[in-house]
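Asker: entry_17.txt (compact mmCIF, C-alpha atoms) pasted underneath:
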```txt
# COMPACT_ATOMS: atom_id res chain seq x y z
CA MET A 1279 -3.90 -9.15 -5.74
CA THR A 1280 -7.19 -10.96 -6.22
CA GLY A 1281 -10.24 -11.00 -3.98
CA VAL A 1282 -9.23 -14.48 -2.95
CA ASP A 1283 -5.84 -13.23 -1.84
CA ARG A 1284 -7.50 -10.45 0.17
CA LEU A 1285 -9.84 -12.93 1.83
CA SER A 1286 -7.02 -15.20 2.92
CA SER A 1287 -6.16 -12.94 5.85
CA ALA A 1288 -9.79 -12.30 6.85
CA THR A 1289 -11.29 -13.64 10.03
CA THR A 1290 -14.80 -14.99 10.44
CA ILE A 1291 -17.66 -12.52 10.36
CA GLY A 1292 -18.33 -12.74 14.08
CA ALA A 1293 -14.67 -12.31 15.03
CA ALA A 1294 -14.46 -8.53 14.62
CA GLY A 1295 -16.33 -6.33 17.03
CA GLY A 1296 -18.79 -3.49 16.89
CA PRO A 1297 -20.54 -1.46 14.22
CA GLY A 1298 -18.20 -0.15 11.53
CA ALA A 1299 -15.39 -2.50 12.63
CA ARG A 1300 -15.10 -3.95 9.12
CA ASP A 1301 -15.75 -2.36 5.76
CA ALA A 1302 -18.34 -3.55 3.25
CA ARG A 1303 -15.70 -5.09 0.97
CA SER A 1304 -14.25 -7.19 3.75
CA LEU A 1305 -17.63 -8.26 5.14
CA ALA A 1306 -18.93 -9.25 1.70
CA GLY A 1307 -15.74 -11.21 1.00
CA VAL A 1308 -15.89 -13.09 4.28
CA ALA A 1309 -19.60 -13.83 3.79
CA ILE A 1310 -19.00 -15.20 0.29
CA GLY A 1311 -16.11 -17.28 1.58
CA GLU A 1312 -18.25 -18.76 4.33
CA ILE A 1313 -21.22 -19.39 2.04
CA GLY A 1314 -18.86 -21.14 -0.34
CA HIS A 1315 -17.73 -23.42 2.47
CA ARG A 1316 -21.31 -24.15 3.51
CA VAL A 1317 -22.58 -24.88 0.00
CA LEU A 1318 -19.60 -27.10 -0.74
CA ALA A 1319 -20.13 -28.98 2.55
CA TRP A 1320 -23.74 -29.74 1.61
CA VAL A 1321 -22.79 -30.74 -1.94
CA SER A 1322 -20.13 -33.03 -0.52
CA ALA A 1323 -22.56 -34.54 2.00
CA SER A 1324 -25.21 -35.17 -0.62
CA GLY A 1325 -22.91 -36.41 -3.37
CA GLY A 1326 -21.06 -39.30 -1.83
CA GLY A 1327 -18.55 -37.39 0.25
CA SER A 1328 -16.13 -35.96 -2.35
CA THR A 1329 -14.29 -33.09 -0.75
CA ALA A 1330 -12.37 -31.85 -3.82
CA GLY A 1331 -14.39 -28.63 -4.01
CA SER A 1332 -14.16 -27.95 -0.28
CA THR A 1333 -10.42 -28.52 -0.32
CA ALA A 1334 -9.93 -26.26 -3.35
CA TRP A 1335 -12.07 -23.51 -1.77
CA ALA A 1336 -10.15 -23.69 1.51
CA GLN A 1337 -6.88 -23.39 -0.42
CA ALA A 1338 -8.20 -20.52 -2.54
CA THR A 1339 -9.53 -18.52 0.40
CA GLY A 1340 -6.82 -19.46 2.86
CA SER A 1341 -9.39 -20.46 5.45
CA GLY A 1342 -11.58 -23.33 6.47
CA SER A 1343 -14.93 -23.43 8.17
CA SER A 1344 -16.34 -25.16 11.19
CA PHE A 1345 -19.71 -25.55 9.44
CA ARG A 1346 -21.10 -29.08 9.29
CA PRO A 1347 -24.31 -29.99 7.42
CA ASP A 1348 -27.20 -30.77 9.77
CA ALA A 1349 -29.56 -33.38 8.32
CA GLY A 1350 -32.04 -32.59 11.10
CA GLU A 1351 -32.27 -28.97 9.93
CA LEU A 1352 -32.73 -30.19 6.37
CA ALA A 1353 -35.57 -32.50 7.48
CA ARG A 1354 -37.25 -29.59 9.28
CA GLY A 1355 -36.98 -27.47 6.14
CA GLY A 1356 -35.02 -24.88 8.08
CA ASP A 1357 -32.23 -22.45 7.33
CA ILE A 1358 -29.67 -25.13 6.40
CA TYR A 1359 -26.95 -22.59 5.56
CA ASP A 1360 -27.67 -20.40 8.64
CA LEU A 1361 -28.11 -17.33 6.47
CA ARG A 1362 -30.14 -15.63 9.18
CA GLY A 1363 -27.12 -15.97 11.46
CA LEU A 1364 -24.79 -14.56 8.80
CA ALA A 1365 -27.15 -11.63 8.18
CA ARG A 1366 -27.39 -10.98 11.92
CA ASP A 1367 -23.57 -11.02 12.25
CA ILE A 1368 -23.10 -8.59 9.35
CA ALA A 1369 -25.89 -6.36 10.66
CA SER A 1370 -24.21 -6.17 14.06
CA GLN A 1371 -20.85 -5.37 12.41
CA THR A 1372 -22.36 -2.51 10.38
CA GLY A 1373 -24.95 -1.16 12.81
CA ALA A 1374 -27.69 -2.04 10.32
CA THR A 1375 -31.34 -1.25 10.85
CA PRO A 1376 -33.85 -4.12 10.92
CA THR A 1377 -34.80 -3.27 7.31
CA GLN A 1378 -31.16 -3.40 6.24
CA GLU A 1379 -30.75 -6.73 8.04
CA GLY A 1380 -33.67 -8.08 5.99
CA ASP A 1381 -32.01 -6.78 2.82
CA LEU A 1382 -28.80 -8.53 3.86
CA ARG A 1383 -30.62 -11.81 4.43
CA ARG A 1384 -32.33 -11.63 1.04
CA SER A 1385 -29.02 -10.81 -0.67
CA LEU A 1386 -27.34 -13.73 1.08
CA GLU A 1387 -30.21 -16.01 0.03
CA SER A 1388 -29.95 -14.90 -3.62
CA PHE A 1389 -26.20 -15.42 -3.65
CA THR A 1390 -26.54 -18.82 -1.98
CA ARG A 1391 -29.14 -20.01 -4.53
CA ALA A 1392 -26.83 -19.03 -7.39
CA ALA A 1393 -23.85 -20.68 -5.65
CA VAL A 1394 -25.79 -23.92 -5.13
CA VAL A 1395 -26.69 -24.08 -8.83
CA GLN A 1396 -23.08 -23.39 -9.79
CA VAL A 1397 -21.41 -25.79 -7.36
CA ALA A 1398 -23.94 -28.63 -7.59
CA GLY A 1399 -23.82 -28.45 -11.38
CA LEU A 1400 -20.07 -29.02 -11.25
CA ALA A 1401 -20.08 -31.53 -8.39
CA GLY A 1402 -18.20 -34.15 -10.42
CA ALA A 1403 -15.53 -31.75 -11.67
CA ASP A 1404 -12.12 -31.30 -10.13
CA GLY A 1405 -11.95 -28.92 -7.18
CA SER A 1406 -10.53 -25.89 -8.99
CA ARG A 1407 -13.16 -26.10 -11.74
CA GLN A 1408 -15.91 -26.55 -9.16
CA THR A 1409 -14.89 -23.38 -7.32
CA ALA A 1410 -13.95 -21.18 -10.31
CA GLY A 1411 -17.36 -19.47 -10.39
CA LEU A 1412 -17.21 -18.79 -6.67
CA GLU A 1413 -13.76 -17.27 -7.10
CA SER A 1414 -15.02 -15.00 -9.91
CA ALA A 1415 -17.95 -13.94 -7.74
CA LEU A 1416 -15.63 -13.25 -4.83
CA ASN A 1417 -13.37 -11.13 -7.02
CA ALA A 1418 -16.38 -9.13 -8.28
CA ALA A 1419 -17.59 -8.54 -4.74
CA THR A 1420 -14.24 -7.44 -3.37
CA SER A 1421 -13.25 -5.06 -6.15
CA GLY A 1422 -14.34 -1.53 -6.88
CA SER A 1423 -16.15 0.83 -4.60
CA SER A 1424 -19.53 0.61 -2.92
CA ALA A 1425 -21.67 2.33 -0.38
CA PRO A 1426 -20.49 1.90 3.20
CA GLY A 1427 -22.05 -0.41 5.78
CA ALA A 1428 -24.85 -2.87 5.22
CA ASP A 1429 -25.95 -1.19 1.99
CA GLY A 1430 -22.45 -1.69 0.59
CA VAL A 1431 -22.46 -5.37 1.56
CA VAL A 1432 -25.82 -5.81 -0.19
CA GLU A 1433 -24.45 -4.04 -3.28
CA ARG A 1434 -21.36 -6.25 -3.35
CA LEU A 1435 -23.39 -9.43 -2.84
CA GLY A 1436 -25.54 -8.30 -5.77
CA ARG A 1437 -22.44 -8.07 -7.99
CA ALA A 1438 -21.36 -11.55 -6.92
CA THR A 1439 -24.83 -12.98 -7.52
CA ALA A 1440 -24.91 -11.45 -11.02
CA ILE A 1441 -21.59 -13.15 -11.89
CA LEU A 1442 -22.92 -16.55 -10.81
CA ALA A 1443 -26.33 -16.04 -12.41
CA SER A 1444 -24.66 -15.18 -15.71
CA ALA A 1445 -22.41 -18.24 -15.49
CA ASN A 1446 -25.50 -20.34 -14.66
CA GLY A 1447 -27.17 -19.15 -17.87
CA GLY A 1448 -29.69 -16.81 -16.25
```
For the structure just supplied, provide its representation as structure tokens.
Answerer:
Amino acid sequence: MTGVDRLSSATTIGAAGGPGARDARSLAGVAIGEIGHRVLAWVSASGGGSTAGSTAWAQATGSGSSFRPDAGELARGGDIYDLRGLARDIASQTGATPTQEGDLRRSLESFTRAAVVQVAGLAGADGSRQTAGLESALNAATSGSSAPGADGVVERLGRATAILASANGG
């Protein structure tokens, strides 16, 4: 079973309740799945509307996303992927301290930057090729062991970021 298979039955980050309700593996997998959806939505919106990558990612993860790019947020120079919201959701799920929530946000930002480079660089490719790096990153994040809680999510996001950074040549 791959990380993508494991993610297919996962719910959104905010759907489970209370600290410790989800393990680090599951939370990291769901976060990567959602970031993938958000990055692909922005790439689609900025590249003429091709949805091949978004469709392939939804099929690979077994889930869609309600995220829609907000041009107003882009014009304001804001948090266009709502990474603060994702970090806040994960922090509430794990009972994270404010410092850990900051670590989560920075880890999400690093992963998102690497995902943008990967996905935007393959924007003209077919959907499965465009999402292959994301799938490898997801598999890296959802395999093996890690610390529990927020620290484990940060560790797993670091693994996923390293996979994408390597694929991106850096």
Asker: Which residues come within 8 Å of range 1418-1425 of chain A, counting all atoms listed in the file, excluding same-chain residues fewer than 3 positions away, as a list in words?
Answerer: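 Here the qualifying residues turn out to be Gly1281, Ala1302, Arg1303, Ser1304, Ala1306, Gly1307, Ser1414, Ala1415, Asp1429, Gly1430, Val1431, Glu1433, Arg1434, Leu1435, Arg1437, Ala1438 and Ile1441 of chain A.
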Asker: Using Å and a single decimal, report how far CA of Ala1309 in chain A sits from CA of Ser1370 in chain A.
Answerer: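 Interatomic distance, CA of Ser1370 in chain A to CA of Ala1309 in chain A: 13.6 Å.
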Asker: Between CA of Leu1400 in chain A and CA of Ile1313 in chain A, what is the distance in Å, rounded to a tenth?
Answerer: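 So the two atoms, CA of Leu1400 in chain A and CA of Ile1313 in chain A, lie 16.5 Å apart.
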Asker: One number please: CA of Arg1383 in chain A to CA of Arg1346 in chain A, in Å, one decimal.
Answerer: 20.3 Å
Asker: Please list as a ChimeraX atom specification every residue within 12 Å of Glu1312 in chain A, counting all atoms listed in the file and excluding residues in the same chain fewer than 5 positions away.
Answerer: /A:1285-1286,1288-1292,1305-1307,1317-1319,1332,1335-1336,1339-1346,1359-1361,1363-1364,1386,1389-1390,1393,1412,1416
Asker: Point out the residue among A:Ala1349, A:Val1432, A:Ala1369, A:Ala1443 with the least atom-to-atom distance to Gly1411 in chain A, counting all atoms listed in the file.
Answerer: A:Ala1443
Asker: As a PyMOL selection string, please: the residues near Gln1408 in chain A (cut-off 8 Å, only C-alpha atoms, same-chain neighbours under 3 positions excluded).
Answerer: chain A and resi 1331+1396-1397+1400-1401+1403-1405+1411
Asker: Could you check the closest approach to Leu1442 in chain A for each of A:Ala1365, A:Ile1310, A:Ile1358, A:Pro1376 and tell me which residue wins, using all atoms listed in the file?
Answerer: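 Counting all atoms listed in the file, the residue closest to Leu1442 in chain A is A:Ile1310.
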Asker: Go through A:Thr1329, A:Thr1375, A:Asp1348, A:Arg1300 and flag the residue nearest His1315 in chain A, using all atoms listed in the file for the distances.
Answerer: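 Of A:Thr1329, A:Thr1375, A:Asp1348, A:Arg1300, the one nearest His1315 in chain A, counting all atoms listed in the file, is A:Thr1329.
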Asker: Add whatever atoms are absent from range 1313-1341 of chain A to reach N, CA and C atoms, and provide the output as a PDB file, in the coordinates of the input.
Answerer:
```pdb
ATOM      1  N   ILE A1313     -20.140 -18.739   2.799  1.00  0.00           N
ATOM      2  CA  ILE A1313     -21.220 -19.390   2.040  1.00  0.00           C
ATOM      3  C   ILE A1313     -20.645 -20.446   1.117  1.00  0.00           C
ATOM      4  N   GLY A1314     -19.518 -20.144   0.493  1.00  0.00           N
ATOM      5  CA  GLY A1314     -18.860 -21.140  -0.340  1.00  0.00           C
ATOM      6  C   GLY A1314     -18.555 -22.413   0.426  1.00  0.00           C
ATOM      7  N   HIS A1315     -18.019 -22.257   1.632  1.00  0.00           N
ATOM      8  CA  HIS A1315     -17.730 -23.420   2.470  1.00  0.00           C
ATOM      9  C   HIS A1315     -19.003 -24.208   2.783  1.00  0.00           C
ATOM     10  N   ARG A1316     -20.057 -23.491   3.122  1.00  0.00           N
ATOM     11  CA  ARG A1316     -21.310 -24.150   3.510  1.00  0.00           C
ATOM     12  C   ARG A1316     -21.964 -24.873   2.335  1.00  0.00           C
ATOM     13  N   VAL A1317     -21.993 -24.239   1.186  1.00  0.00           N
ATOM     14  CA  VAL A1317     -22.580 -24.880   0.000  1.00  0.00           C
ATOM     15  C   VAL A1317     -21.759 -26.109  -0.378  1.00  0.00           C
ATOM     16  N   LEU A1318     -20.463 -25.974  -0.392  1.00  0.00           N
ATOM     17  CA  LEU A1318     -19.600 -27.100  -0.740  1.00  0.00           C
ATOM     18  C   LEU A1318     -19.738 -28.245   0.267  1.00  0.00           C
ATOM     19  N   ALA A1319     -19.922 -27.924   1.541  1.00  0.00           N
ATOM     20  CA  ALA A1319     -20.130 -28.980   2.550  1.00  0.00           C
ATOM     21  C   ALA A1319     -21.406 -29.748   2.268  1.00  0.00           C
ATOM     22  N   TRP A1320     -22.481 -29.045   1.919  1.00  0.00           N
ATOM     23  CA  TRP A1320     -23.740 -29.740   1.610  1.00  0.00           C
ATOM     24  C   TRP A1320     -23.629 -30.544   0.317  1.00  0.00           C
ATOM     25  N   VAL A1321     -22.970 -29.996  -0.695  1.00  0.00           N
ATOM     26  CA  VAL A1321     -22.790 -30.740  -1.940  1.00  0.00           C
ATOM     27  C   VAL A1321     -21.982 -31.995  -1.682  1.00  0.00           C
ATOM     28  N   SER A1322     -20.944 -31.883  -0.885  1.00  0.00           N
ATOM     29  CA  SER A1322     -20.130 -33.030  -0.520  1.00  0.00           C
ATOM     30  C   SER A1322     -20.952 -34.069   0.238  1.00  0.00           C
ATOM     31  N   ALA A1323     -21.754 -33.616   1.189  1.00  0.00           N
ATOM     32  CA  ALA A1323     -22.560 -34.540   2.000  1.00  0.00           C
ATOM     33  C   ALA A1323     -23.622 -35.240   1.179  1.00  0.00           C
ATOM     34  N   SER A1324     -24.145 -34.572   0.170  1.00  0.00           N
ATOM     35  CA  SER A1324     -25.210 -35.170  -0.620  1.00  0.00           C
ATOM     36  C   SER A1324     -24.699 -35.943  -1.824  1.00  0.00           C
ATOM     37  N   GLY A1325     -23.424 -35.784  -2.167  1.00  0.00           N
ATOM     38  CA  GLY A1325     -22.910 -36.410  -3.370  1.00  0.00           C
ATOM     39  C   GLY A1325     -21.896 -37.500  -3.139  1.00  0.00           C
ATOM     40  N   GLY A1326     -21.964 -38.188  -2.047  1.00  0.00           N
ATOM     41  CA  GLY A1326     -21.060 -39.300  -1.830  1.00  0.00           C
ATOM     42  C   GLY A1326     -19.791 -38.945  -1.080  1.00  0.00           C
ATOM     43  N   GLY A1327     -19.670 -37.715  -0.622  1.00  0.00           N
ATOM     44  CA  GLY A1327     -18.550 -37.390   0.250  1.00  0.00           C
ATOM     45  C   GLY A1327     -17.303 -36.860  -0.418  1.00  0.00           C
ATOM     46  N   SER A1328     -17.308 -36.548  -1.732  1.00  0.00           N
ATOM     47  CA  SER A1328     -16.130 -35.960  -2.350  1.00  0.00           C
ATOM     48  C   SER A1328     -15.861 -34.599  -1.759  1.00  0.00           C
ATOM     49  N   THR A1329     -14.643 -34.367  -1.365  1.00  0.00           N
ATOM     50  CA  THR A1329     -14.290 -33.090  -0.750  1.00  0.00           C
ATOM     51  C   THR A1329     -13.368 -32.255  -1.635  1.00  0.00           C
ATOM     52  N   ALA A1330     -13.268 -32.587  -2.921  1.00  0.00           N
ATOM     53  CA  ALA A1330     -12.370 -31.850  -3.820  1.00  0.00           C
ATOM     54  C   ALA A1330     -12.707 -30.372  -3.863  1.00  0.00           C
ATOM     55  N   GLY A1331     -13.990 -30.031  -3.968  1.00  0.00           N
ATOM     56  CA  GLY A1331     -14.390 -28.630  -4.010  1.00  0.00           C
ATOM     57  C   GLY A1331     -14.096 -27.918  -2.709  1.00  0.00           C
ATOM     58  N   SER A1332     -14.413 -28.561  -1.592  1.00  0.00           N
ATOM     59  CA  SER A1332     -14.160 -27.950  -0.280  1.00  0.00           C
ATOM     60  C   SER A1332     -12.673 -27.716  -0.065  1.00  0.00           C
ATOM     61  N   THR A1333     -11.862 -28.660  -0.465  1.00  0.00           N
ATOM     62  CA  THR A1333     -10.420 -28.520  -0.320  1.00  0.00           C
ATOM     63  C   THR A1333      -9.899 -27.391  -1.192  1.00  0.00           C
ATOM     64  N   ALA A1334     -10.364 -27.323  -2.434  1.00  0.00           N
ATOM     65  CA  ALA A1334      -9.930 -26.260  -3.350  1.00  0.00           C
ATOM     66  C   ALA A1334     -10.359 -24.890  -2.828  1.00  0.00           C
ATOM     67  N   TRP A1335     -11.578 -24.793  -2.296  1.00  0.00           N
ATOM     68  CA  TRP A1335     -12.070 -23.510  -1.770  1.00  0.00           C
ATOM     69  C   TRP A1335     -11.265 -23.087  -0.547  1.00  0.00           C
ATOM     70  N   ALA A1336     -10.961 -24.018   0.334  1.00  0.00           N
ATOM     71  CA  ALA A1336     -10.150 -23.690   1.510  1.00  0.00           C
ATOM     72  C   ALA A1336      -8.760 -23.214   1.090  1.00  0.00           C
ATOM     73  N   GLN A1337      -8.191 -23.827   0.066  1.00  0.00           N
ATOM     74  CA  GLN A1337      -6.880 -23.390  -0.420  1.00  0.00           C
ATOM     75  C   GLN A1337      -6.978 -22.021  -1.080  1.00  0.00           C
ATOM     76  N   ALA A1338      -8.034 -21.794  -1.843  1.00  0.00           N
ATOM     77  CA  ALA A1338      -8.200 -20.520  -2.540  1.00  0.00           C
ATOM     78  C   ALA A1338      -8.434 -19.361  -1.581  1.00  0.00           C
ATOM     79  N   THR A1339      -9.200 -19.596  -0.533  1.00  0.00           N
ATOM     80  CA  THR A1339      -9.530 -18.520   0.400  1.00  0.00           C
ATOM     81  C   THR A1339      -8.550 -18.436   1.563  1.00  0.00           C
ATOM     82  N   GLY A1340      -7.768 -19.459   1.757  1.00  0.00           N
ATOM     83  CA  GLY A1340      -6.820 -19.460   2.860  1.00  0.00           C
ATOM     84  C   GLY A1340      -7.466 -19.711   4.213  1.00  0.00           C
ATOM     85  N   SER A1341      -8.702 -20.197   4.180  1.00  0.00           N
ATOM     86  CA  SER A1341      -9.390 -20.460   5.450  1.00  0.00           C
ATOM     87  C   SER A1341     -10.303 -21.657   5.309  1.00  0.00           C
TER      88      SER A1341
END
```
